[in-house]
Amino acid sequence: MKEEMVQPIPVSEPLLDGNEAQYLSECIETGWISSEGPFVQQFEEHMAVKAGRQYGIAVSSGSAALDVAVSALRIGAGDEVILPTFTIISCAASIVRAGAQPVVVDCDPQTWNMDVSQIENKITASTKAILVVHIYGLPVDMDPVMQLAEKYGLFIIEDAAEAHGQTYKNRPCGSFGAISIFSFYPNKNITTGEGGMVVTDDENLAERCRSLRNLCFQKQQRFIHEEWGWNYRMSNIQAALGLAQMERLDQFVKRKRHIGQYYSRLLRGVDNIELPLMKTNYAENVYWVYGIVLKEEVAFDAKEAMRRLGEHKIGTRPFFWPMHEQPVMKKMGFFANESCPVAERIARRGFYIPASLVLTDVQMERVSQSLKEILK
Ligand SMILES: *Cc1c(COP(=O)(O)O)cnc(C)c1O
């Protein structure tokens, strides 16, 4: 191929060719652009139903949803929350900002999800909740986590930001525990540009979330506040996008699975990399992203692999960096002697390749070919 003919393949691109434009122009035509517009409630209702929940509370991001969820459960000073070390900073941030103590567990080397067999050892008298995060398209093994929560009287906060439309033993991700959250960032399975949602079955918790996202204005005396809240409201414009995206979620999930399975077929026989599991005994991967981990025999790390793929004009992203290795946490005195060897390894050896909904089979073939070349 001639250099100038090679088109870049971005790591992620949204697919917006359903009713998005129509619903957006409705916002303009009707003048409903703030969070007071009608799409917000419709989107909340649709998402709640899809997640098998009673209530949905739309917010401005997935990170905001985590803040609201932690705060709604009144988690604070003196409390400990167990979470995977291999996750996005938003999870730890919501715990630390609430004044609570994050306690991390390492991940499973195959699913990259939190190793649930390590949770019980971390439970103390101060543990208040387990924050589970479904990583990269495969759910956490929820049954043992639910049993622990029951046994020790802990809340479960479920981060389903990467798992819209995914199920665990046929039950929707987003339906587990006291409260669950979603993100609608453009690289997620469905997008609102920026956006997130909290879902729950508990009416009081839902009411509390609505208040927390709206500065804790009170119904009776609007400008008198009993508690700190945030302006984390979602606009009607974002919800318009979300509603149009929701209509195609099942189709999107099918497409994601096709992408993941096709990559796995194309990369079969490349011995020096680990690929995502196609399924476990409780779920089929939705491949939110398609992750790759370099085995020991590869002489370079993920950074170098990504640089080389960049030369082939292929977009990539590194894996998450473990929470217990975050400078911002170390500076606060957290995790002084923590060791999570699996997360530490995959953070350095792992990255993901383009896997968004607009990707064509031909593009996947090119990505796989480039991967094989750089790994030779
Ligand atoms: C993307 C993501 C978030 C944060 O969502 P934003 O909308 O980007 O704030 C939280 N948790 C997980 C697991 C995510 O992947």
# chains A, B, ... in the order shown; residues from 1 in each chain; ligands from 1
>>> select_by_dssp(residues="segment 105-200 of chain A", states="strand (DSSP E or B)", output="ChimeraX atom specification")
/A:105,107,114,127-133,135,138,155-159,167-168,171-172,179-183,196-200
>>> residues_around(residues="segment 62-76 of chain A", least_positions_apart="6", cutoff="8 Å", atoms="only C-alpha atoms", output="MDAnalysis selection string")
chainID A and resid 90:91 94:95 98:100 128 157 159 161 179:185 195:198 205 208:209 212:213 232
>>> residues_around(residues="segment 370-374 of chain A", least_positions_apart="3", cutoff="7 Å", atoms="only C-alpha atoms", output="short mmCIF file (atom, residue, chain, number, x, y, z; two decimals) with C-alpha atoms, in the first residue's frame")
data_model
loop_
_atom_site.label_atom_id
_atom_site.label_comp_id
_atom_site.auth_asym_id
_atom_site.auth_seq_id
_atom_site.Cartn_x
_atom_site.Cartn_y
_atom_site.Cartn_z
CA ARG A 308 4.27 0.89 16.10
CA LEU A 309 0.54 0.60 15.33
CA HIS A 312 0.39 2.04 10.56
CA ARG A 366 -6.05 -4.26 8.14
CA VAL A 367 -5.71 -3.82 11.91
#
>>> closest_residue(among="A:His164, A:Arg265, A:His46, A:Lys254", to="ligand 1", atoms="only C-alpha atoms and all ligand atoms")
A:His164
>>> residues_around(residues="Gln110 of chain A", least_positions_apart="5", cutoff="12 Å", atoms="only C-alpha atoms", output="PyMOL selection string")
chain A and resi 115+135-136+138+140+274-280+291-293+342-343+346
>>> write_last_selection(atoms="N, CA and C atoms", output="PDB file, in the first residue's frame")
ATOM      1  N   ASP A 115     -10.969  -9.978  40.838  1.00  0.00           N
ATOM      2  CA  ASP A 115     -10.905 -11.365  41.254  1.00  0.00           C
ATOM      3  C   ASP A 115     -11.774 -11.496  42.506  1.00  0.00           C
ATOM      4  N   ILE A 135     -15.620  -4.898  33.324  1.00  0.00           N
ATOM      5  CA  ILE A 135     -14.492  -4.368  32.552  1.00  0.00           C
ATOM      6  C   ILE A 135     -14.488  -4.834  31.094  1.00  0.00           C
ATOM      7  N   TYR A 136     -14.458  -3.880  30.199  1.00  0.00           N
ATOM      8  CA  TYR A 136     -14.203  -4.087  28.762  1.00  0.00           C
ATOM      9  C   TYR A 136     -15.218  -4.989  28.050  1.00  0.00           C
ATOM     10  N   LEU A 138     -17.009  -7.808  29.586  1.00  0.00           N
ATOM     11  CA  LEU A 138     -17.382  -9.030  30.313  1.00  0.00           C
ATOM     12  C   LEU A 138     -17.808  -8.652  31.730  1.00  0.00           C
ATOM     13  N   VAL A 140     -18.540  -8.889  35.807  1.00  0.00           N
ATOM     14  CA  VAL A 140     -17.968  -9.481  37.015  1.00  0.00           C
ATOM     15  C   VAL A 140     -18.808 -10.707  37.376  1.00  0.00           C
ATOM     16  N   GLU A 274      -2.365 -12.330  24.389  1.00  0.00           N
ATOM     17  CA  GLU A 274      -3.588 -12.848  24.999  1.00  0.00           C
ATOM     18  C   GLU A 274      -4.753 -12.023  24.476  1.00  0.00           C
ATOM     19  N   LEU A 275      -5.836 -12.724  24.112  1.00  0.00           N
ATOM     20  CA  LEU A 275      -7.021 -12.049  23.579  1.00  0.00           C
ATOM     21  C   LEU A 275      -8.142 -12.074  24.616  1.00  0.00           C
ATOM     22  N   PRO A 276      -9.158 -11.223  24.434  1.00  0.00           N
ATOM     23  CA  PRO A 276     -10.286 -11.263  25.372  1.00  0.00           C
ATOM     24  C   PRO A 276     -11.011 -12.608  25.279  1.00  0.00           C
ATOM     25  N   LEU A 277     -11.568 -13.059  26.389  1.00  0.00           N
ATOM     26  CA  LEU A 277     -12.372 -14.284  26.385  1.00  0.00           C
ATOM     27  C   LEU A 277     -13.640 -14.042  25.581  1.00  0.00           C
ATOM     28  N   MET A 278     -14.021 -14.989  24.745  1.00  0.00           N
ATOM     29  CA  MET A 278     -15.252 -14.847  23.975  1.00  0.00           C
ATOM     30  C   MET A 278     -16.462 -14.979  24.889  1.00  0.00           C
ATOM     31  N   LYS A 279     -16.349 -15.861  25.868  1.00  0.00           N
ATOM     32  CA  LYS A 279     -17.436 -15.992  26.844  1.00  0.00           C
ATOM     33  C   LYS A 279     -16.934 -16.636  28.125  1.00  0.00           C
ATOM     34  N   THR A 280     -17.764 -16.507  29.162  1.00  0.00           N
ATOM     35  CA  THR A 280     -17.534 -17.224  30.411  1.00  0.00           C
ATOM     36  C   THR A 280     -18.773 -18.077  30.611  1.00  0.00           C
ATOM     37  N   GLY A 291      -9.420  -5.726  23.819  1.00  0.00           N
ATOM     38  CA  GLY A 291      -8.130  -5.617  24.494  1.00  0.00           C
ATOM     39  C   GLY A 291      -7.145  -6.690  24.062  1.00  0.00           C
ATOM     40  N   ILE A 292      -5.891  -6.345  24.130  1.00  0.00           N
ATOM     41  CA  ILE A 292      -4.802  -7.269  23.782  1.00  0.00           C
ATOM     42  C   ILE A 292      -3.721  -7.146  24.842  1.00  0.00           C
ATOM     43  N   VAL A 293      -3.236  -8.285  25.338  1.00  0.00           N
ATOM     44  CA  VAL A 293      -2.140  -8.252  26.311  1.00  0.00           C
ATOM     45  C   VAL A 293      -0.934  -8.968  25.712  1.00  0.00           C
ATOM     46  N   VAL A 342      -1.324  -8.863  38.919  1.00  0.00           N
ATOM     47  CA  VAL A 342      -1.998  -9.044  37.623  1.00  0.00           C
ATOM     48  C   VAL A 342      -2.305  -7.683  36.991  1.00  0.00           C
ATOM     49  N   ALA A 343      -2.884  -6.796  37.775  1.00  0.00           N
ATOM     50  CA  ALA A 343      -3.215  -5.459  37.257  1.00  0.00           C
ATOM     51  C   ALA A 343      -1.952  -4.712  36.834  1.00  0.00           C
ATOM     52  N   ILE A 346      -0.901  -6.264  33.390  1.00  0.00           N
ATOM     53  CA  ILE A 346      -1.716  -5.956  32.203  1.00  0.00           C
ATOM     54  C   ILE A 346      -1.755  -4.448  31.917  1.00  0.00           C
TER      55      ILE A 346
END
>>> residues_around(residues="Met332 of chain A", least_positions_apart="6", cutoff="12 Å", atoms="only C-alpha atoms", output="list in words")
Val96, Arg97, Gly99, Gln101, Pro102, His324, Glu325 and Gln326 of chain A
>>> residues_around(residues="Ile33 of chain A", least_positions_apart="2", cutoff="9 Å", atoms="only C-alpha atoms", output="PyMOL selection string")
chain A and resi 27-28+30-31+35-37+235-238
>>> write_last_selection(atoms="C-alpha atoms", output="PDB file, in the first residue's frame")
ATOM      1  CA  CYS A  27     -35.097  20.222  20.749  1.00  0.00           C
ATOM      2  CA  ILE A  28     -34.337  23.288  18.617  1.00  0.00           C
ATOM      3  CA  THR A  30     -39.582  23.301  20.573  1.00  0.00           C
ATOM      4  CA  GLY A  31     -36.985  25.316  22.480  1.00  0.00           C
ATOM      5  CA  SER A  35     -32.803  19.443  31.712  1.00  0.00           C
ATOM      6  CA  GLU A  36     -36.497  20.375  31.955  1.00  0.00           C
ATOM      7  CA  GLY A  37     -37.199  19.022  28.453  1.00  0.00           C
ATOM      8  CA  SER A 235     -29.782  18.430  29.144  1.00  0.00           C
ATOM      9  CA  ASN A 236     -32.674  17.620  26.821  1.00  0.00           C
ATOM     10  CA  ILE A 237     -30.183  17.772  23.933  1.00  0.00           C
ATOM     11  CA  GLN A 238     -28.094  14.968  25.432  1.00  0.00           C
TER      12      GLN A 238
END
>>> residues_around(residues="Ala305 of chain A", least_positions_apart="4", cutoff="12 Å", atoms="only C-alpha atoms", output="PyMOL selection string")
chain A and resi 273+292-294+298-301+309-312+314-318+348-353+370-376
>>> closest_residue(among="A:Val49, A:Ala58, A:Leu24, A:Ala336", to="Ala240 of chain A", atoms="only C-alpha atoms")
A:Leu24
>>> atom_distance(atom1="atom CA of Ala129 of chain A", atom2="atom CA of Met142 of chain A")
14.2 Å
>>> atom_distance(atom1="atom CA of Leu148 of chain A", atom2="atom CA of Gly174 of chain A")
18.4 Å
>>> atom_distance(atom1="atom CA of Asn113 of chain A", atom2="atom CA of Phe86 of chain A")
7.6 Å
